[in-house]
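Asker: Sharing run_30.cif, mmCIF, C-alpha atoms:
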```
data_coords
loop_
_atom_site.label_atom_id
_atom_site.label_comp_id
_atom_site.auth_asym_id
_atom_site.auth_seq_id
_atom_site.Cartn_x
_atom_site.Cartn_y
_atom_site.Cartn_z
CA MET F 1 -0.35 28.43 7.58
CA ALA F 2 0.53 28.32 3.88
CA TYR F 3 1.78 24.98 2.59
CA GLN F 4 4.58 24.57 0.12
CA GLY F 5 6.60 21.75 -1.37
CA SER F 6 3.82 19.63 -2.88
CA PHE F 7 1.39 20.00 -5.76
CA LEU F 8 -1.58 19.27 -3.50
CA LEU F 9 -0.35 21.61 -0.80
CA GLY F 10 -0.25 24.44 -3.32
CA ILE F 11 -3.97 24.21 -4.14
CA SER F 12 -5.59 27.07 -2.26
CA TRP F 13 -9.07 25.56 -1.96
CA LEU F 14 -7.56 22.59 -0.13
CA GLN F 15 -6.26 24.91 2.59
CA PRO F 16 -9.23 24.23 4.93
CA VAL F 17 -8.67 20.50 4.49
CA PHE F 18 -5.04 20.77 5.55
CA ASP F 19 -5.97 23.08 8.41
CA ALA F 20 -8.38 20.41 9.64
CA MET F 21 -5.70 17.74 9.25
CA ASN F 22 -3.32 19.93 11.23
CA ALA F 23 -5.87 20.20 14.01
CA VAL F 24 -6.20 16.41 14.18
CA LEU F 25 -2.71 15.16 13.37
CA ASN F 26 -0.45 17.76 14.98
CA PRO F 27 -1.64 16.77 18.48
CA LEU F 28 -0.91 13.17 17.52
CA VAL F 29 2.67 14.16 16.71
CA GLN F 30 2.96 16.06 19.98
CA MET F 31 1.76 13.01 21.93
CA ASP F 32 4.44 10.88 20.29
CA PRO F 33 7.07 9.74 22.82
CA THR F 34 9.65 11.34 20.52
CA PRO F 35 7.85 14.30 18.87
CA ASN F 36 11.04 15.44 17.16
CA ASN F 37 11.31 12.02 15.54
CA PRO F 38 7.65 10.85 15.49
CA VAL F 39 8.17 7.22 14.53
CA LEU F 40 5.11 6.04 16.47
CA THR F 41 2.94 8.65 14.75
CA VAL F 42 3.80 7.19 11.34
CA PHE F 43 2.94 3.75 12.69
CA VAL F 44 -0.48 5.01 13.84
CA ILE F 45 -1.12 6.75 10.50
CA SER F 46 -0.10 3.55 8.71
CA PHE F 47 -2.62 1.62 10.78
CA ILE F 48 -5.39 4.10 9.93
CA ILE F 49 -4.62 3.99 6.20
CA SER F 50 -4.33 0.19 6.25
CA LEU F 51 -7.69 -0.07 8.01
CA LEU F 52 -9.24 2.28 5.45
CA THR F 53 -7.90 0.43 2.41
CA VAL F 54 -8.63 -3.08 3.70
CA THR F 55 -12.15 -2.09 4.76
CA ALA F 56 -12.75 -0.64 1.29
CA GLN F 57 -11.55 -3.89 -0.26
CA LYS F 58 -13.83 -5.87 2.02
CA LEU F 59 -16.91 -3.79 1.21
CA LEU F 60 -16.39 -3.04 -2.48
CA VAL F 61 -14.92 -6.29 -3.81
CA ASP F 62 -16.81 -9.57 -3.99
CA GLN F 63 -14.19 -11.66 -2.22
CA ASP F 64 -15.94 -14.97 -2.86
CA LYS F 65 -16.09 -14.32 -6.58
CA MET F 66 -12.52 -13.06 -6.59
CA ASN F 67 -11.28 -16.21 -4.86
CA GLU F 68 -13.37 -18.40 -7.15
CA MET F 69 -11.93 -16.74 -10.26
CA GLN F 70 -8.39 -17.03 -8.95
CA ALA F 71 -8.92 -20.74 -8.24
CA LYS F 72 -10.33 -21.29 -11.73
CA SER F 73 -7.44 -19.39 -13.29
CA LYS F 74 -4.88 -21.51 -11.43
CA ALA F 75 -6.69 -24.69 -12.43
CA LEU F 76 -6.72 -23.63 -16.09
CA GLN F 77 -3.04 -22.76 -15.97
CA LYS F 78 -2.32 -26.21 -14.59
CA GLU F 79 -4.43 -27.81 -17.34
CA LEU F 80 -2.61 -25.75 -19.97
CA ARG F 81 0.81 -26.79 -18.67
CA GLU F 82 -0.23 -30.43 -18.66
CA ALA F 83 -1.60 -30.14 -22.21
CA GLN F 84 1.60 -28.46 -23.38
CA ALA F 85 3.72 -31.13 -21.71
CA SER F 86 1.72 -33.92 -23.34
CA GLY F 87 1.63 -32.21 -26.72
CA ASP F 88 -2.13 -32.71 -26.92
CA SER F 89 -3.23 -29.94 -29.27
CA LYS F 90 -6.93 -30.75 -28.83
CA GLN F 91 -6.68 -30.43 -25.07
CA MET F 92 -4.75 -27.18 -25.45
CA ALA F 93 -7.51 -25.82 -27.68
CA LYS F 94 -10.13 -26.76 -25.08
CA VAL F 95 -8.21 -25.03 -22.30
CA GLN F 96 -7.68 -21.92 -24.42
CA ALA F 97 -11.40 -21.86 -25.19
CA LYS F 98 -12.12 -21.98 -21.45
CA GLN F 99 -9.71 -19.09 -20.92
CA MET F 100 -11.55 -17.05 -23.53
CA ASP F 101 -14.83 -17.74 -21.73
CA MET F 102 -13.29 -16.46 -18.50
CA MET F 103 -12.15 -13.16 -19.97
CA SER F 104 -15.44 -11.37 -19.27
CA ASP F 105 -15.37 -12.52 -15.65
CA GLN F 106 -11.75 -11.43 -15.31
CA SER F 107 -12.67 -8.02 -16.70
CA GLU F 108 -15.39 -7.71 -14.08
CA ILE F 109 -12.98 -8.71 -11.32
CA MET F 110 -10.49 -6.13 -12.55
CA LYS F 111 -13.15 -3.43 -12.39
CA MET F 112 -14.05 -4.47 -8.85
CA SER F 113 -10.41 -4.36 -7.78
CA PHE F 114 -10.19 -0.72 -8.93
CA ARG F 115 -13.12 0.40 -6.76
CA PRO F 116 -11.20 0.49 -3.45
CA MET F 117 -8.35 2.39 -5.09
CA ILE F 118 -10.73 5.03 -6.43
CA VAL F 119 -12.36 5.48 -3.02
CA THR F 120 -9.14 5.60 -0.99
CA MET F 121 -6.81 7.41 -3.39
CA ILE F 122 -7.77 10.98 -2.46
CA PRO F 123 -7.62 10.52 1.35
CA ILE F 124 -4.26 8.76 1.04
CA LEU F 125 -2.84 11.49 -1.20
CA LEU F 126 -3.99 14.14 1.27
CA ILE F 127 -2.37 12.34 4.20
CA PHE F 128 0.84 11.87 2.22
CA ALA F 129 0.88 15.56 1.36
CA TRP F 130 0.40 16.45 5.01
CA MET F 131 3.21 14.13 6.12
CA TRP F 132 5.46 15.61 3.44
CA GLN F 133 5.22 19.11 4.93
CA SER F 134 5.30 18.04 8.58
CA SER F 135 8.16 17.07 10.88
CA ILE F 136 7.48 13.47 9.85
CA ARG F 137 9.51 14.09 6.72
CA ASN F 138 12.68 14.27 8.84
CA ILE F 139 12.12 10.96 10.62
CA ILE F 140 15.07 8.62 11.01
CA VAL F 141 14.46 5.03 12.08
CA VAL F 142 17.53 2.96 12.90
CA PHE F 143 17.10 -0.78 12.37
CA PRO F 144 19.20 -3.60 13.76
CA PRO F 145 21.51 -4.77 10.94
CA ALA F 146 19.60 -8.03 10.42
CA VAL F 147 16.26 -6.21 10.05
CA TYR F 148 17.86 -3.60 7.82
CA TYR F 149 18.95 -6.25 5.33
CA CYS F 150 15.94 -8.57 5.68
CA THR F 151 13.60 -5.73 4.71
CA LEU F 152 15.70 -5.19 1.56
CA THR F 153 16.33 -1.64 2.68
CA PRO F 154 19.70 -1.31 0.88
CA ILE F 155 17.97 -1.99 -2.44
CA PHE F 156 15.43 0.80 -1.97
CA HIS F 157 17.58 3.18 0.02
CA SER F 158 19.05 5.02 -2.95
CA LEU F 159 15.65 5.40 -4.60
CA GLY F 160 14.12 6.66 -1.38
CA GLN F 161 16.93 9.16 -0.97
CA MET F 162 16.11 10.66 -4.37
CA ILE F 163 12.39 10.87 -3.52
CA TYR F 164 12.35 12.39 -0.05
CA GLY F 165 15.86 13.64 0.61
CA GLY F 166 17.12 14.04 4.15
CA ASN F 167 20.33 12.96 5.82
CA ILE F 168 19.59 9.25 6.02
CA THR F 169 22.76 8.18 4.25
CA THR F 170 24.86 9.49 7.15
CA ILE F 171 23.07 7.21 9.64
CA PRO F 172 24.17 3.55 9.65
CA TYR F 173 21.16 1.26 9.12
CA GLY F 174 18.87 4.28 9.08
CA ILE F 175 15.73 4.72 6.98
CA GLY F 176 13.43 7.66 6.31
CA TRP F 177 9.72 8.18 6.81
CA LEU F 178 8.58 6.84 3.45
CA TRP F 179 10.19 3.43 3.74
CA TRP F 180 9.16 3.22 7.41
CA TYR F 181 5.59 4.00 6.35
CA PHE F 182 5.62 1.27 3.66
CA ILE F 183 6.97 -1.32 6.09
CA CYS F 184 4.35 -0.43 8.71
CA THR F 185 1.54 -0.38 6.16
CA PHE F 186 2.50 -3.73 4.70
CA GLY F 187 2.62 -5.38 8.11
CA MET F 188 -0.58 -3.81 9.40
CA SER F 189 -2.47 -4.59 6.19
CA GLN F 190 -1.58 -8.26 6.48
CA ILE F 191 -2.77 -8.37 10.09
CA ILE F 192 -6.02 -6.53 9.33
CA ARG F 193 -6.71 -8.69 6.27
CA LYS F 194 -6.25 -11.79 8.40
CA PHE F 195 -8.55 -10.38 11.07
CA MET F 196 -11.22 -9.54 8.47
CA GLY F 197 -11.15 -13.03 7.02
CA PHE F 198 -9.29 -12.47 3.75
CA LYS F 199 -7.90 -15.70 2.35
CA ASN F 200 -5.10 -14.03 0.43
CA GLY F 201 -2.55 -11.35 1.23
CA PHE F 202 -1.73 -8.40 -1.00
#
```
With the file now loaded, output its structure as structure tokens.

Answerer:
Amino acid sequence: MAYQGSFLLGISWLQPVFDAMNAVLNPLVQMDPTPNNPVLTVFVISFIISLLTVTAQKLLVDQDKMNEMQAKSKALQKELREAQASGDSKQMAKVQAKQMDMMSDQSEIMKMSFRPMIVTMIPILLIFAWMWQSSIRNIIVVFPPAVYYCTLTPIFHSLGQMIYGGNITTIPYGIGWLWWYFICTFGMSQIIRKFMGFKNGF
């Protein structure tokens, strides 16, 4: 099967990769209770991607050091606000000197935070490309009105319509696959992070 409609899908040497993904993911779509509108399949894929990204964060980022640096940064910000409120220029200079000392540590933390993204970026792009060309692209999920508004869907609906098209605007309180994927991924990531012992959310 030749793939069209995406930059990645048009790369010929990736054809075996997408064939393998078809072999694994197409049966998943067929097992969906509603294969013509595979909402559950997107939920499962979201769980897999969330597990992949959170596991990468757990293994590749020093969480203790990250939390320590965040605590120090918050403490310094508090000290700086207090110094500014009191007008104590000497204290402000001391706090700013501490911030300068922390810059190297913050740079290291930033590098660590990029590691999971580098590792997971390619698999996620491949899965996105596969979903884009599959029946998943035509998914319509209808929310109860309260959920529709609480998830800020109206704000992102117009943007999503431009990105992935479809006939979502004709369905009251309906959303497409991309926004459904983001909602599922956000929720599952929070649960997995909690299960893995992360102290902070996203």

Asker: For the PyMOL selection byres ((chain F and resi 183-191) around 6), applied here, can you spell out every residue it catches as a VMD selection string?

Answerer: chain F and resid 43 46 to 47 50 180 to 182 192 to 194

Asker: Those same residues, written as a compact mmCIF listing (two decimals), in the coordinates of the input with C-alpha atoms?

Answerer:
```txt
# COMPACT_ATOMS: atom_id res chain seq x y z
CA PHE F 43 2.94 3.75 12.69
CA SER F 46 -0.10 3.55 8.71
CA PHE F 47 -2.62 1.62 10.78
CA SER F 50 -4.33 0.19 6.25
CA TRP F 180 9.16 3.22 7.41
CA TYR F 181 5.59 4.00 6.35
CA PHE F 182 5.62 1.27 3.66
CA ILE F 192 -6.02 -6.53 9.33
CA ARG F 193 -6.71 -8.69 6.27
CA LYS F 194 -6.25 -11.79 8.40
```

Asker: Mind giving me the straight-line distance from atom CA of Lys94 of chain F to atom CA of Glu79 of chain F in Å, one decimal?

Answerer: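 These two atoms are separated by 9.7 Å.
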
Asker: Taking the file as shown, what set of residues would the PyMOL selection byres ((chain F and resi 196) around 12) give back, as a PyMOL selection string?

Answerer: chain F and resi 51+54-59+63+189-195+197-201

Asker: Counting all atoms listed in the file, figure out which residue out of F:Leu14, F:Leu52, F:Met69, F:Leu178 gets nearest to Met103 of chain F.

Answerer: F:Met69

Asker: If we count all atoms listed in the file and set the cut-off at 10 Å, which residues sit around Val39 of chain F, ignoring sequence neighbours fewer than 4 positions away in its own chain? Please answer as a ChimeraX atom specification.

Answerer: /F:29,32-35,43-44,136,139-141,176-177,180-181

Asker: Can you tell me which residues surround Ile127 of chain F at a distance of at most 12 Å, considering all atoms listed in the file, apart from same-chain residues fewer than 3 positions away, and format the answer as a list in words?

Answerer: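 Using all atoms listed in the file, the neighbours found are Ser6, Leu8, Leu9, Val17, Phe18, Ala20, Met21, Asn22, Val24, Leu25, Val42, Ile45, Ser46, Ile48, Ile49, Thr120, Met121, Ile122, Pro123, Ile124, Trp130, Met131, Trp132, Gln133, Ser134, Ile136 and Tyr181 of chain F.
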
Asker: Quick check on the file I pasted: which residues fall under the PyMOL selection byres ((chain F and resi 102) around 12)? Write them as JSON, numbers by chain.

Answerer: {"F": [68, 69, 70, 71, 72, 73, 76, 95, 96, 97, 98, 99, 100, 101, 103, 104, 105, 106, 107, 108, 109]}

Asker: To one decimal place in Å, what is the distance between atom CA of Ala75 of chain F and atom CA of Asp88 of chain F?

Answerer: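 Separating atom CA of Ala75 of chain F from atom CA of Asp88 of chain F is a distance of 17.2 Å.
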
Asker: Can you measure atom CA of Leu125 of chain F to atom CA of Thr53 of chain F for me? One decimal in Å is fine.

Answerer: 12.7 Å

Asker: Using only C-alpha atoms, find the one residue out of F:Gln30, F:Asp19, F:Trp179, F:Gln84 that sits nearest to Phe156 of chain F.

Answerer: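 Distance minimum relative to Phe156 of chain F lands on F:Trp179.
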
Asker: Which neighbours of Leu152 of chain F fall inside 12 Å, counting all atoms listed in the file, when residues of the same chain fewer than 6 positions from it are skipped, and could you give them as a list in words?

Answerer: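 Close residues of Leu152 of chain F: Phe143, Pro145, Ala146, Ser158, Tyr173, Ile175, Trp179 and Ile183 of chain F.
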
Asker: From the options F:Asn37, F:Leu28, F:Gln15, F:Lys90, which residue's atoms come nearest to Ala129 of chain F, counting all atoms listed in the file?

Answerer: F:Gln15

Asker: Using only C-alpha atoms for the distances, tell me which of F:Val147, F:Pro38, F:Lys65, F:Lys74 is nearest to Asn26 of chain F.

Answerer: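 When distances to Asn26 of chain F are compared using only C-alpha atoms, the smallest one comes from F:Pro38.
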